[in-house]
file my_file-v3.tsv (TSV, C-alpha atoms)
chain	number	residue	atom	x	y	z
A	1	MET	CA	-5.10	-101.20	-59.42
A	2	ALA	CA	-6.39	-97.80	-58.27
A	3	LYS	CA	-5.61	-96.87	-54.70
A	4	GLN	CA	-8.50	-96.34	-52.33
A	5	ASP	CA	-9.33	-92.81	-51.28
A	6	TYR	CA	-7.67	-92.05	-47.94
A	7	TYR	CA	-10.84	-90.59	-46.44
A	8	GLU	CA	-12.87	-93.65	-47.47
A	9	LEU	CA	-10.13	-95.90	-46.12
A	10	LEU	CA	-10.41	-94.33	-42.67
A	11	GLY	CA	-14.18	-94.01	-42.89
A	12	VAL	CA	-14.31	-90.24	-42.39
A	13	SER	CA	-15.60	-87.32	-44.41
A	14	LYS	CA	-13.34	-84.80	-46.16
A	15	SER	CA	-14.43	-82.19	-43.63
A	16	ALA	CA	-13.37	-84.33	-40.64
A	17	ASP	CA	-11.16	-82.56	-38.12
A	18	ALA	CA	-7.88	-83.91	-36.69
A	19	ASP	CA	-9.54	-85.53	-33.69
A	20	GLU	CA	-12.05	-87.41	-35.85
A	21	ILE	CA	-9.27	-88.66	-38.11
A	22	LYS	CA	-7.16	-89.79	-35.17
A	23	LYS	CA	-10.11	-91.57	-33.55
A	24	ALA	CA	-10.96	-93.40	-36.79
A	25	TYR	CA	-7.33	-94.38	-37.31
A	26	ARG	CA	-6.92	-95.63	-33.76
A	27	LYS	CA	-9.92	-97.94	-34.13
A	28	LEU	CA	-8.72	-99.39	-37.44
A	29	ALA	CA	-5.09	-99.72	-36.33
A	30	MET	CA	-6.14	-101.73	-33.31
A	31	LYS	CA	-8.45	-103.87	-35.43
A	32	TYR	CA	-5.88	-104.76	-38.10
A	33	HIS	CA	-2.73	-104.76	-35.95
A	34	PRO	CA	-0.49	-107.73	-36.91
A	35	ASP	CA	-0.26	-108.90	-33.29
A	36	ARG	CA	-4.02	-109.37	-33.29
A	37	ASN	CA	-4.07	-111.00	-36.72
A	38	PRO	CA	-1.08	-113.36	-36.93
A	39	ASP	CA	-0.49	-114.90	-40.35
A	40	ASP	CA	-3.31	-112.82	-41.86
A	41	LYS	CA	-1.78	-111.10	-44.90
A	42	THR	CA	-5.01	-109.26	-45.66
A	43	ALA	CA	-5.07	-107.67	-42.21
A	44	GLU	CA	-1.36	-106.88	-42.50
A	45	GLN	CA	-1.91	-105.02	-45.77
A	46	LYS	CA	-4.96	-103.24	-44.35
A	47	PHE	CA	-2.86	-102.12	-41.41
A	48	LYS	CA	-0.25	-100.66	-43.76
A	49	ASP	CA	-2.92	-98.93	-45.85
A	50	VAL	CA	-4.64	-97.21	-42.91
A	51	ASN	CA	-1.24	-96.21	-41.55
A	52	GLU	CA	-0.36	-94.67	-44.93
A	53	ALA	CA	-3.65	-92.78	-45.01
A	54	TYR	CA	-3.17	-91.44	-41.50
A	55	GLU	CA	0.40	-90.35	-42.22
A	56	VAL	CA	-0.95	-88.04	-44.91
A	57	LEU	CA	-4.19	-86.82	-43.35
A	58	LYS	CA	-2.70	-86.05	-39.93
A	59	ASP	CA	-0.24	-83.59	-41.51
A	60	GLU	CA	-1.85	-80.29	-42.58
A	61	GLU	CA	0.52	-79.68	-45.51
A	62	LYS	CA	0.32	-83.24	-46.83
A	63	ARG	CA	-3.44	-83.23	-46.43
A	64	ALA	CA	-3.73	-79.97	-48.35
A	65	ALA	CA	-1.64	-81.42	-51.18
A	66	TYR	CA	-3.71	-84.61	-51.20
A	67	ASP	CA	-6.99	-82.68	-51.25
A	68	ARG	CA	-5.74	-80.77	-54.30
A	69	PHE	CA	-3.88	-83.42	-56.28
A	70	GLY	CA	-5.01	-86.74	-54.80
A	71	HIS	CA	-2.57	-89.66	-54.83
A	72	ALA	CA	-0.60	-87.99	-57.64
A	73	ALA	CA	0.89	-85.63	-55.08
A	74	PHE	CA	2.93	-88.50	-53.66
A	75	GLU	CA	3.70	-90.63	-56.72
A	76	GLN	CA	6.72	-88.71	-57.98
A	77	GLY	CA	10.28	-89.43	-56.98
A	78	GLY	CA	9.95	-93.17	-56.44
A	79	PRO	CA	7.39	-95.91	-55.91
A	80	GLY	CA	5.13	-96.21	-52.95
A	81	GLY	CA	3.70	-93.65	-50.59
A	82	PRO	CA	4.34	-92.58	-47.05
A	83	GLY	CA	4.53	-95.37	-44.53
A	84	ARG	CA	5.28	-98.11	-47.08
A	85	GLY	CA	7.67	-100.97	-46.58
A	86	GLY	CA	7.79	-103.44	-43.67
A	87	PHE	CA	5.90	-102.74	-40.48
A	88	GLU	CA	6.76	-99.11	-40.49
A	89	GLY	CA	3.74	-98.15	-38.50
A	90	PHE	CA	5.55	-99.70	-35.54
A	91	SER	CA	7.96	-96.78	-35.17
A	92	GLY	CA	7.91	-93.11	-35.98
A	93	GLY	CA	4.53	-93.44	-37.73
A	94	GLY	CA	0.92	-92.93	-36.85
A	95	PHE	CA	0.54	-96.06	-34.78
A	96	ALA	CA	3.47	-95.11	-32.55
A	97	ASP	CA	1.82	-91.72	-31.95
A	98	ILE	CA	-1.45	-93.35	-30.96
A	99	PHE	CA	0.28	-95.98	-28.82
A	100	GLU	CA	2.28	-93.36	-26.95
A	101	GLU	CA	-0.84	-91.29	-26.35
A	102	MET	CA	-2.72	-94.30	-24.96
A	103	PHE	CA	0.00	-95.95	-22.91
A	104	GLY	CA	2.59	-93.23	-22.42
A	105	GLY	CA	6.38	-93.37	-22.53
A	106	GLY	CA	8.27	-94.77	-25.44
A	107	GLY	CA	5.42	-96.75	-26.93
A	108	GLY	CA	6.20	-100.17	-25.43
A	109	GLY	CA	7.47	-102.50	-28.12
A	110	PHE	CA	7.32	-99.65	-30.61
A	111	GLY	CA	9.54	-97.24	-28.67
A	112	GLY	CA	12.22	-94.90	-29.90
A	113	GLY	CA	15.78	-94.38	-28.81
A	114	ARG	CA	18.96	-94.75	-30.76
A	115	GLY	CA	20.58	-98.06	-31.50
A	116	ARG	CA	23.95	-99.13	-32.81
A	117	GLY	CA	25.53	-96.83	-35.40
A	118	GLY	CA	23.00	-94.06	-34.68
A	119	ALA	CA	20.11	-96.00	-36.24
A	120	GLU	CA	16.69	-95.53	-34.74
A	121	GLN	CA	15.97	-98.43	-32.43
A	122	THR	CA	12.55	-99.91	-33.13
A	123	GLY	CA	12.87	-103.22	-31.30
A	124	ARG	CA	12.35	-102.21	-27.67
A	125	GLY	CA	10.56	-104.97	-25.81
A	126	SER	CA	6.90	-104.61	-24.89
A	127	ASP	CA	5.81	-103.72	-21.38
A	128	HIS	CA	4.05	-106.54	-19.54
A	129	ARG	CA	1.41	-106.59	-16.78
A	130	PHE	CA	1.16	-109.00	-13.86
A	131	ASN	CA	-1.77	-109.08	-11.40
A	132	LEU	CA	-0.87	-110.01	-7.82
A	133	ASP	CA	-3.33	-110.73	-5.00
A	134	ILE	CA	-2.26	-110.03	-1.41
A	135	THR	CA	-3.98	-110.14	1.99
A	136	LEU	CA	-4.91	-107.12	4.08
A	137	GLU	CA	-2.24	-108.12	6.62
A	138	GLU	CA	0.38	-108.22	3.87
A	139	ALA	CA	-0.74	-104.78	2.71
A	140	PHE	CA	-0.34	-103.55	6.30
A	141	HIS	CA	3.09	-105.02	6.99
A	142	GLY	CA	4.51	-105.07	3.46
A	143	LYS	CA	6.40	-108.11	2.21
A	144	ASN	CA	9.00	-109.53	-0.13
A	145	THR	CA	7.70	-112.21	-2.43
A	146	GLU	CA	8.71	-114.15	-5.50
A	147	ILE	CA	6.61	-114.32	-8.65
A	148	ARG	CA	6.98	-116.43	-11.76
A	149	VAL	CA	6.11	-114.68	-14.98
A	150	PRO	CA	6.12	-115.89	-18.59
A	151	GLY	CA	8.09	-113.74	-20.97
A	152	SER	CA	11.23	-113.59	-23.02
A	153	THR	CA	14.89	-113.02	-22.37
A	154	GLN	CA	18.01	-112.36	-24.38
A	155	CYS	CA	19.13	-115.35	-26.41
A	156	ASP	CA	22.19	-116.87	-24.72
A	157	GLU	CA	23.30	-118.53	-27.97
A	158	CYS	CA	23.85	-115.31	-29.93
A	159	LYS	CA	24.01	-112.93	-26.94
A	160	GLY	CA	21.09	-110.99	-28.33
A	161	THR	CA	22.63	-110.15	-31.72
A	162	GLY	CA	20.32	-112.48	-33.66
A	163	ALA	CA	23.28	-113.73	-35.72
A	164	THR	CA	24.73	-117.24	-35.71
A	165	LYS	CA	27.69	-117.66	-33.35
A	166	GLY	CA	30.87	-116.61	-35.16
A	167	SER	CA	29.05	-114.17	-37.43
A	168	ALA	CA	27.68	-110.71	-36.85
A	169	PRO	CA	25.07	-108.36	-38.26
A	170	VAL	CA	26.28	-106.24	-41.15
A	171	LYS	CA	25.53	-102.66	-42.08
A	172	CYS	CA	22.33	-102.29	-44.07
A	173	SER	CA	23.16	-101.44	-47.68
A	174	THR	CA	19.82	-99.71	-48.26
A	175	CYS	CA	20.18	-97.00	-45.61
A	176	GLY	CA	23.93	-97.18	-45.01
A	177	GLY	CA	23.36	-98.00	-41.35
A	178	ALA	CA	21.25	-94.94	-40.62
A	179	GLY	CA	18.00	-96.88	-40.20
A	180	ARG	CA	16.13	-94.20	-42.18
A	181	VAL	CA	15.74	-93.51	-45.87
A	182	ARG	CA	14.57	-90.40	-47.69
A	183	SER	CA	12.52	-90.14	-50.83
A	184	GLN	CA	11.00	-87.32	-52.87
A	185	GLN	CA	7.21	-87.58	-52.90
A	186	GLY	CA	5.54	-84.81	-54.83
A	187	PHE	CA	6.33	-81.53	-53.12
A	188	PHE	CA	7.90	-83.12	-50.06
A	189	THR	CA	10.99	-84.99	-49.03
A	190	VAL	CA	9.80	-87.78	-46.76
A	191	GLU	CA	12.02	-89.61	-44.29
A	192	ARG	CA	10.86	-93.04	-43.24
A	193	THR	CA	12.09	-96.19	-41.56
A	194	CYS	CA	14.32	-98.27	-43.77
A	195	PRO	CA	12.24	-101.13	-45.25
A	196	SER	CA	15.24	-103.47	-45.37
A	197	CYS	CA	16.45	-103.30	-41.75
A	198	HIS	CA	13.28	-101.87	-40.16
A	199	GLY	CA	15.23	-99.09	-38.50
A	200	GLN	CA	17.97	-101.26	-37.02
A	201	GLY	CA	20.70	-100.05	-39.37
A	202	GLN	CA	21.92	-103.64	-39.64
A	203	VAL	CA	20.77	-106.83	-41.31
A	204	ILE	CA	21.49	-110.43	-40.45
A	205	LYS	CA	22.78	-112.68	-43.20
A	206	ASP	CA	23.05	-115.81	-41.07
A	207	PRO	CA	20.33	-115.75	-38.34
A	208	CYS	CA	20.74	-117.64	-35.07
A	209	ARG	CA	18.86	-120.93	-35.17
A	210	LYS	CA	17.81	-120.80	-31.52
A	211	CYS	CA	16.04	-117.43	-31.71
A	212	SER	CA	15.47	-117.26	-35.49
A	213	GLY	CA	17.34	-113.96	-35.65
A	214	THR	CA	15.22	-112.08	-33.09
A	215	GLY	CA	17.88	-112.13	-30.38
A	216	ARG	CA	15.37	-113.29	-27.75
A	217	VAL	CA	13.78	-116.54	-26.60
A	218	SER	CA	10.71	-117.38	-24.52
A	219	LYS	CA	11.51	-118.12	-20.90
A	220	GLU	CA	9.67	-118.07	-17.58
A	221	LYS	CA	11.36	-115.83	-15.02
A	222	THR	CA	11.36	-115.84	-11.21
A	223	LEU	CA	11.44	-112.29	-9.85
A	224	ASN	CA	11.65	-110.84	-6.36
A	225	VAL	CA	9.07	-108.16	-5.61
A	226	ASN	CA	9.23	-105.78	-2.66
A	227	ILE	CA	5.72	-104.72	-1.62
A	228	PRO	CA	5.87	-101.66	0.68
A	229	ALA	CA	3.57	-101.30	3.67
A	230	GLY	CA	0.39	-99.33	3.04
A	231	VAL	CA	-0.35	-100.36	-0.54
A	232	GLU	CA	-3.94	-100.46	-1.79
A	233	THR	CA	-5.82	-102.18	-4.58
A	234	GLY	CA	-4.65	-100.61	-7.82
A	235	THR	CA	-1.16	-99.78	-6.55
A	236	ARG	CA	1.33	-100.32	-9.40
A	237	ILE	CA	4.90	-101.52	-8.94
A	238	ARG	CA	7.30	-101.11	-11.87
A	239	LEU	CA	10.20	-103.49	-12.46
A	240	SER	CA	12.40	-101.78	-15.02
A	241	GLY	CA	13.74	-104.00	-17.79
A	242	GLU	CA	11.78	-107.08	-16.69
A	243	GLY	CA	9.25	-107.00	-19.52
A	244	GLU	CA	9.73	-108.52	-22.95
A	245	ALA	CA	13.32	-108.67	-24.17
A	246	GLY	CA	14.15	-106.29	-27.01
A	247	LEU	CA	14.86	-107.38	-30.57
A	248	ARG	CA	18.54	-107.93	-31.37
A	249	GLY	CA	19.92	-106.35	-28.24
A	250	ALA	CA	17.42	-103.49	-27.98
A	251	PRO	CA	16.34	-102.51	-24.45
A	252	ALA	CA	13.81	-104.72	-22.70
A	253	GLY	CA	10.38	-103.44	-21.75
A	254	ASP	CA	9.19	-103.01	-18.17
A	255	LEU	CA	7.02	-105.23	-15.99
A	256	TYR	CA	4.13	-103.55	-14.17
A	257	ILE	CA	2.71	-105.39	-11.17
A	258	PHE	CA	-0.85	-104.37	-10.27
A	259	LEU	CA	-1.84	-105.21	-6.69
A	260	ASN	CA	-5.24	-106.39	-5.52
A	261	VAL	CA	-5.90	-106.50	-1.76
A	262	ARG	CA	-8.35	-109.33	-1.06
A	263	PRO	CA	-11.40	-108.64	1.15
A	264	HIS	CA	-10.87	-109.47	4.83
A	265	ARG	CA	-13.22	-111.70	6.83
A	266	ILE	CA	-13.40	-109.23	9.75
A	267	PHE	CA	-12.03	-105.82	8.79
A	268	GLN	CA	-13.28	-103.38	6.18
A	269	ARG	CA	-10.76	-100.91	4.80
A	270	ASP	CA	-11.48	-97.30	3.92
A	271	GLY	CA	-8.23	-95.76	2.74
A	272	ALA	CA	-5.95	-95.70	5.76
A	273	ASN	CA	-8.81	-96.39	8.21
A	274	ILE	CA	-10.11	-99.75	9.37
A	275	HIS	CA	-13.72	-100.51	10.33
A	276	VAL	CA	-14.88	-103.51	12.34
A	277	ARG	CA	-18.30	-104.47	13.72
A	278	VAL	CA	-18.12	-106.19	17.12
A	279	PRO	CA	-21.03	-107.96	18.88
A	280	VAL	CA	-21.47	-107.26	22.63
A	281	PRO	CA	-23.83	-108.89	25.13
A	282	MET	CA	-26.91	-106.94	26.11
A	283	THR	CA	-25.85	-106.99	29.75
A	284	THR	CA	-22.46	-105.43	28.97
A	285	ALA	CA	-24.11	-102.71	26.87
A	286	ALA	CA	-26.68	-102.00	29.61
A	287	LEU	CA	-24.44	-102.20	32.68
A	288	GLY	CA	-21.11	-101.22	31.17
A	289	GLY	CA	-17.88	-103.16	31.01
A	290	SER	CA	-14.96	-103.72	28.67
A	291	ILE	CA	-14.16	-105.86	25.62
A	292	GLU	CA	-11.08	-106.80	23.64
A	293	VAL	CA	-11.03	-106.34	19.89
A	294	PRO	CA	-8.45	-107.56	17.33
A	295	THR	CA	-6.36	-105.05	15.38
A	296	VAL	CA	-4.95	-105.36	11.86
A	297	ASP	CA	-1.38	-105.60	13.19
A	298	GLY	CA	-2.25	-108.85	14.99
A	299	ALA	CA	-2.48	-107.35	18.48
A	300	ARG	CA	-5.49	-106.62	20.69
A	301	ALA	CA	-7.03	-103.41	21.93
A	302	ARG	CA	-9.30	-102.96	24.97
A	303	ILE	CA	-12.39	-100.78	24.80
A	304	THR	CA	-14.31	-99.53	27.82
A	305	ILE	CA	-18.07	-99.79	27.30
A	306	PRO	CA	-20.07	-97.19	29.25
A	307	ALA	CA	-23.41	-98.21	30.75
A	308	GLY	CA	-26.32	-97.68	28.38
A	309	THR	CA	-24.31	-98.12	25.18
A	310	GLN	CA	-26.54	-98.50	22.13
A	311	SER	CA	-26.18	-100.74	19.11
A	312	GLY	CA	-24.39	-98.92	16.30
A	313	GLN	CA	-22.33	-96.70	18.60
A	314	GLN	CA	-18.76	-96.25	17.35
A	315	PHE	CA	-15.47	-96.04	19.20
A	316	ARG	CA	-12.39	-94.56	17.58
A	317	LEU	CA	-8.96	-96.03	18.25
A	318	ARG	CA	-6.34	-93.61	16.98
A	319	ALA	CA	-3.35	-94.92	15.02
A	320	LYS	CA	-4.72	-98.48	15.04
A	321	GLY	CA	-5.61	-98.51	11.34
A	322	MET	CA	-3.60	-99.22	8.18
A	323	SER	CA	-0.04	-98.22	7.51
A	324	MET	CA	0.30	-95.20	5.23
A	325	LEU	CA	2.46	-95.66	2.15
A	326	ARG	CA	5.99	-94.24	2.50
A	327	THR	CA	5.35	-92.78	5.98
A	328	ASN	CA	5.54	-93.99	9.57
A	329	SER	CA	1.94	-92.94	10.24
A	330	ARG	CA	-1.16	-95.09	10.59
A	331	GLY	CA	-4.83	-94.49	10.10
A	332	ASP	CA	-7.51	-94.98	12.76
A	333	MET	CA	-9.68	-97.94	13.67
A	334	PHE	CA	-13.43	-97.53	14.10
A	335	VAL	CA	-15.23	-100.12	16.22
A	336	GLU	CA	-19.00	-100.30	15.81
A	337	LEU	CA	-20.88	-102.17	18.51
A	338	SER	CA	-23.77	-104.51	17.77
A	339	VAL	CA	-25.82	-105.23	20.91
A	340	GLU	CA	-27.05	-108.83	20.89
A	341	THR	CA	-30.40	-109.97	22.23
A	342	PRO	CA	-29.96	-113.19	24.27
A	343	MET	CA	-31.52	-116.41	23.00
A	344	ASN	CA	-32.29	-119.79	24.65
A	345	LEU	CA	-32.69	-118.30	28.14
A	346	THR	CA	-32.72	-120.58	31.16
A	347	LYS	CA	-35.77	-120.70	33.43
A	348	LYS	CA	-34.02	-118.49	35.96
A	349	GLN	CA	-33.04	-115.96	33.32
A	350	LYS	CA	-36.58	-115.80	32.00
A	351	GLU	CA	-37.87	-115.18	35.53
A	352	LEU	CA	-35.40	-112.33	35.99
A	353	MET	CA	-36.32	-110.80	32.64
A	354	GLU	CA	-40.02	-111.10	33.48
A	355	GLN	CA	-39.36	-109.44	36.83
A	356	PHE	CA	-37.52	-106.63	35.01
A	357	ARG	CA	-40.52	-106.09	32.76
A	358	THR	CA	-43.04	-106.30	35.62
A	359	GLU	CA	-41.18	-103.60	37.51
A	360	GLY	CA	-41.52	-101.29	34.51
A	361	GLY	CA	-38.13	-101.91	33.04
A	362	ASP	CA	-39.37	-101.68	29.48
A	363	GLU	CA	-41.00	-98.31	30.17
A	364	ASN	CA	-38.37	-96.73	32.41
A	365	ALA	CA	-35.27	-97.93	30.57
A	366	HIS	CA	-36.02	-96.92	27.02
A	367	SER	CA	-32.99	-96.08	24.96
A	368	PRO	CA	-32.72	-92.51	23.59
A	369	GLU	CA	-33.58	-93.77	20.12
A	370	SER	CA	-36.70	-95.67	21.11
A	371	GLY	CA	-37.79	-92.87	23.45
A	372	GLY	CA	-37.61	-90.36	20.65
A	373	PHE	CA	-39.40	-92.71	18.28
A	374	PHE	CA	-42.36	-93.43	20.56
A	375	SER	CA	-42.76	-89.77	21.48
A	376	LYS	CA	-43.12	-89.03	17.76
A	377	VAL	CA	-45.65	-91.85	17.44
A	378	LYS	CA	-47.67	-90.42	20.31
A	379	GLU	CA	-47.69	-87.01	18.62
A	380	LEU	CA	-48.84	-88.65	15.38
A	381	TRP	CA	-51.74	-90.39	17.05
A	382	GLU	CA	-52.83	-87.17	18.75
A	383	ASP	CA	-52.73	-85.34	15.40
A	384	LEU	CA	-54.93	-88.04	13.85
A	385	LYS	CA	-57.52	-87.67	16.62
A	386	ASP	CA	-57.81	-83.95	15.86
call {"tool": "encode", "arguments": {"input": "my_file-v3.tsv", "output": "structure tokens"}}
result
Amino acid sequence: MAKQDYYELLGVSKSADADEIKKAYRKLAMKYHPDRNPDDKTAEQKFKDVNEAYEVLKDEEKRAAYDRFGHAAFEQGGPGGPGRGGFEGFSGGGFADIFEEMFGGGGGGFGGGRGRGGAEQTGRGSDHRFNLDITLEEAFHGKNTEIRVPGSTQCDECKGTGATKGSAPVKCSTCGGAGRVRSQQGFFTVERTCPSCHGQGQVIKDPCRKCSGTGRVSKEKTLNVNIPAGVETGTRIRLSGEGEAGLRGAPAGDLYIFLNVRPHRIFQRDGANIHVRVPVPMTTAALGGSIEVPTVDGARARITIPAGTQSGQQFRLRAKGMSMLRTNSRGDMFVELSVETPMNLTKKQKELMEQFRTEGGDENAHSPESGGFFSKVKELWEDLKD
């Protein structure tokens, strides 16, 4: 059966540049990845095919040879083409390149490193994510907490080797324990992951029944997390080695805890600063006085209200805001006053208010804002008369 043209396979033109080829490959690799299509042999084969195409087209020399000779450039010196055999795209191939570019580091479950006997280690555990909600007070003070996360851990039956107790993995006869094999393909000598041991350098003749030879088992873990004071929504805490266990003794992945600070019923946070809106009686705003306001640390702060204070006026309390991450400093707290108009007045109160109005209180005691507004209105009316 004739092999499909690599450009057609990736859905790009022959004039496509490296970025276009990488973008097309990334989309197809994600679509047909075996983790997204379990037990789907068609998707598995498609994944291998697009990986093979990308391995050639991403390399300038291989691409030039392919453009000139087609598939014949890679059919000499042994069967198959680049990237064939097992799930090779998981390490050292195109998918690992894309994964590392997107997520950084060693490519999660597809990471590098050297394993036993110098073989390339392809079984590093995947990194996991855990979302954790905390209160504003917890973000201010910091806290130690326990979380329970699903995941996997090293198999205690085989101690992570993947082999039945009393037996052990043996050196791979295909690669001699190197984890890599070389083949002559056209004009090039291509090194690729060993299809027999998948880069481990060892094979298991008698797999452990508990873990089916993977060296890891599913298990929920209880972990202690230290949340420092001053964290914000989006802060990431990394627990090294607490992700998915690696295959057959390979290193475990990491666990990343993403924090979300829940909205507070009173305070609004703006970075290290805290904002709060506090209602005050009209009499206190007009005559002056003092009020107590809560602070995020659980204490109280007293504010002196000068006579004639207007609604919306802010008071700044220095160093009464949020803790700052990894410092001993704090932000500021801004208190905005909201002057309340009294309701359900008694007969006596109504009489006093009426007396205030009769004596010209409404005209002589205008606030600066209303005074400015009505002067502008008066000017407008005079302009209209002209």
call {"tool": "atom_distance", "arguments": {"input": "my_file-v3.tsv", "atom1": "CA of Gln313 in chain A", "atom2": "CA of Glu336 in chain A"}}
result
5.6 Å
call {"tool": "atom_distance", "arguments": {"input": "my_file-v3.tsv", "atom1": "CA of Ser311 in chain A", "atom2": "CA of Gln355 in chain A"}}
result
23.7 Å
call {"tool": "residues_around", "arguments": {"input": "my_file-v3.tsv", "residues": "Ala43 in chain A", "least_positions_apart": "4", "cutoff": "10 Å", "atoms": "only C-alpha atoms", "output": "ChimeraX atom specification"}}
result
/A:29,31-34,36-39,47-49
call {"tool": "closest_residue", "arguments": {"input": "my_file-v3.tsv", "among": "A:Ala301, A:Val335, A:Ala18, A:Ala168", "to": "Leu57 in chain A", "atoms": "all atoms listed in the file"}}
result
A:Ala18
call {"tool": "atom_distance", "arguments": {"input": "my_file-v3.tsv", "atom1": "CA of Tyr6 in chain A", "atom2": "CA of Val56 in chain A"}}
result
8.4 Å
call {"tool": "closest_residue", "arguments": {"input": "my_file-v3.tsv", "among": "A:Phe258, A:Phe334, A:Phe356, A:Phe315", "to": "Val276 in chain A", "atoms": "all atoms listed in the file"}}
result
A:Phe334
call {"tool": "residues_near_point", "arguments": {"input": "my_file-v3.tsv", "point": "(-10.9, -89.7, -35.0)", "cutoff": "12 Å", "atoms": "only C-alpha atoms", "output": "PyMOL selection string"}}
result
chain A and resi 7+10-13+15-29+54+57-58+98
call {"tool": "closest_atom_pairs", "arguments": {"input": "my_file-v3.tsv", "of": "range 254-303 of chain A", "to": "range 323-326 of chain A", "cutoff": "10 Å", "atoms": "all atoms listed in the file", "output": "tab-separated table"}}
result
residue	atom	partner	partner_atom	distance
A:Gly271	CA	A:Met324	CA	8.9
A:Ala272	CA	A:Met324	CA	6.3
A:Asn273	CA	A:Ser323	CA	9.0
A:Val296	CA	A:Ser323	CA	9.7
A:Asp297	CA	A:Ser323	CA	9.4
call {"tool": "residues_around", "arguments": {"input": "my_file-v3.tsv", "residues": "range 154-159 of chain A", "least_positions_apart": "2", "cutoff": "8 Å", "atoms": "only C-alpha atoms", "output": "list in words"}}
result
Ser152, Thr161, Gly162, Ala163, Thr164, Lys165, Cys208, Lys210, Cys211, Gly215, Arg216, Val217, Ala245, Gly246 and Gly249 of chain A
call {"tool": "closest_residue", "arguments": {"input": "my_file-v3.tsv", "among": "A:Ile305, A:Arg300, A:Gln184, A:Pro207", "to": "Gly288 in chain A", "atoms": "all atoms listed in the file"}}
result
A:Ile305
call {"tool": "closest_residue", "arguments": {"input": "my_file-v3.tsv", "among": "A:Cys172, A:Val278, A:Ala307, A:Ala139", "to": "Met322 in chain A", "atoms": "all atoms listed in the file"}}
result
A:Ala139
